[in-house]
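What follows is a set of notes on a single structure, which appears directly below.
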Amino acid sequence: MVPRPRDLPSADLELIGGVLAREPRALAKTITLIESTHGDHQARAQAVLEALLAHAGGSIRIGISGAPGAGKSTFIEALGLHVIARGHRVAVLAVDPSSSISGGSILGDKTRMEKLSMEPAAFIRPSPSGGSLGGVTEKTRETILACEAAGFDVVIVETVGVGQSEIAVAGMVDVFALLQLPNAGDDLQAMKKGIVELADIIAINKADIDPRAAQRAMRHFEGAAAMLRSASPRWRVPVLAVSALEASGIDRFWAEVERYRTAMTESGEFEAKRRHQAVGWMWTLIESELGARFRHHPQVRRDLEKVSRAVEAGGMTPAAAAHRLLGYMNENP
Ligand code: GDP
């Protein structure tokens, strides 16, 4: 059972008060609590989140994906500074443990988002280290809520263009943007992996290096995007040429984000997507909890290896094995 806010220890009430008062330290501490794998901390984190939930939801959540070196950090810094200049407050989170703002690079590599990190209206948080992708994304979803409760009205989630992380991030943001480089190799890679299908906005970065190549890439992606079924009949995926380094095209990118939000809000799709994501998240949590309970069940633990070996050796069908192991869940340990 999650304790009621009024029953919370004073330290947690202070955290809640601090987050709502927009104190960065309180937010950082809350996120540390959210990221903790300690059972005790997890219960506390859930109680704190429950108290914050009524104050969450007020941001535009933007996913930024792209291969390492595509310029995500540079782009996010330029975008962050752009929106801060327009009076917004921006939180930047990373999903992959391998991502450019994690792995100690915020502390170790001072050149990364250096200007943005000095802005009082910015909050930058590296990816939680360790754990499975599922675990990391679960924490990131909750971290988004905490950032919103702390008054950040733009939340940017960065993810590296590899593996399952795009799908996970696309499932937690309102608008998903893909950063590409103007060369065919990358284009093909993104298409093959189906990432283009997830994109609501495509930005060809480093257009300053070779503007003509960027134009070619734009046409290429426009063709691909036109062939794909867009997530909404009201939205045609725009393809932009930008230079994160020179901060050019950033204004157009932000304008597209705002246009997207307006169009989706008017049609009701904005809220519908969030509701759908929330239910999807609930199922992810149920499935992961069921999996954990299964693996921790004493009889499963006793029998799992033997049964796995029998399946490997062909002495038992996978279906019979699964039936037998799952059957233990119905018995008291
Ligand atoms: P990330 O790995 O995707 O986060 O990429 P970074 O933001 O670290 O950028 C990788 C390299 O590309 C860095 O040396 C950046 O300075 C450079 N870079 C990023 N954006 C641009 C751009 O628009 N133009 C040029 N010429 N270089 C860029």
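Convention: chains lettered A, B, ... in structure tokens order; per-chain residue numbering from 1; ligands numbered from 1 as shown.
Near ligand 1, at distances of 8 Å or less and with only C-alpha atoms and all ligand atoms counted, sit the residues Gly66, Ala67, Pro68, Gly69, Ala70, Gly71, Lys72, Ser73, Thr74, Phe75, Ile76, Ser99, Ser100, Ile101, Arg112, Val160, Asn205, Lys206, Ala207, Asp208, Ile209, Val242, Ser243, Ala244, Leu245, Glu246 and Ala247 of chain A.
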Within 12 Å of Thr284 of chain A using only C-alpha atoms, minus same-chain residues under 6 positions, as number ranges by chain: A: 134-135, 137-138, 141, 168, 171, 277-278, 290-291
Write a file of the just-selected residues containing C-alpha atoms, as a short mmCIF file (atom, residue, chain, number, x, y, z; two decimals), in the first residue's frame.
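Final file, again_2.cif:
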```cif
data_model
loop_
_atom_site.label_atom_id
_atom_site.label_comp_id
_atom_site.auth_asym_id
_atom_site.auth_seq_id
_atom_site.Cartn_x
_atom_site.Cartn_y
_atom_site.Cartn_z
CA GLY A 134 12.51 -1.33 -19.01
CA GLY A 135 13.68 -0.22 -15.59
CA THR A 137 12.32 3.95 -18.96
CA GLU A 138 10.02 3.34 -16.02
CA ARG A 141 8.41 8.36 -17.04
CA ALA A 168 10.16 3.26 -25.29
CA GLY A 171 5.70 5.86 -25.86
CA GLN A 277 0.31 5.95 -23.01
CA ALA A 278 -0.77 5.90 -19.35
CA LEU A 290 4.21 -10.43 -12.61
CA GLY A 291 7.51 -11.50 -14.17
#
```
Those in segment 8-211 of chain A with alpha helix (DSSP H) from DSSP, as a count of residues only: 93
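We find atom CA of Leu116 of chain A and atom CA of Gly80 of chain A to be spaced 6.6 Å apart.
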Residue among A:Leu145, A:Ile31, A:Leu179, A:Ala122 lying closest to Arg61 of chain A, counting only C-alpha atoms: A:Leu145
Near-segment 153-159 of chain A list (7 Å; only C-alpha atoms; drop same-chain fewer than 2 positions) as number ranges by chain: A: 58-65, 88-96, 99, 144, 148, 151, 161, 165-166
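Among the candidate residues A:Met316, A:Leu53, A:Met113, A:Ile195, the one lying nearest to Leu79 of chain A is A:Met113, with distances computed using only C-alpha atoms.
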Can you write out as a tab-separated table which residues of segment 251-310 of chain A fall within 10 Å of segment 317-323 of chain A, alongside each residue's closest atom pair and its distance in Å to one decimal, counting only C-alpha atoms and ordering rows by chain and ascending residue number?
```
residue	atom	partner	partner_atom	distance
A:Leu304	CA	A:Ala321	CA	9.1
A:Val307	CA	A:Ala321	CA	6.3
A:Ser308	CA	A:Ala321	CA	7.7
A:Ala310	CA	A:Thr317	CA	8.3
```
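Residue nearest Arg259 of chain A, chosen from A:Ala11, A:Ala45, A:Leu240, A:Val175 and counting only C-alpha atoms: A:Val175.
Taking atom CA of Leu13 of chain A as the reference point, atom CA of Val48 of chain A is found at 7.8 Å.
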Pairwise distance for atom CA of Ala214 of chain A and atom CA of Ala241 of chain A, rounded to one decimal in Å: 6.4 Å
DSSP strand (DSSP E) selection over segment 139-251 of chain A, as a ChimeraX atom specification: /A:154-160,175-180,201-204,239-241
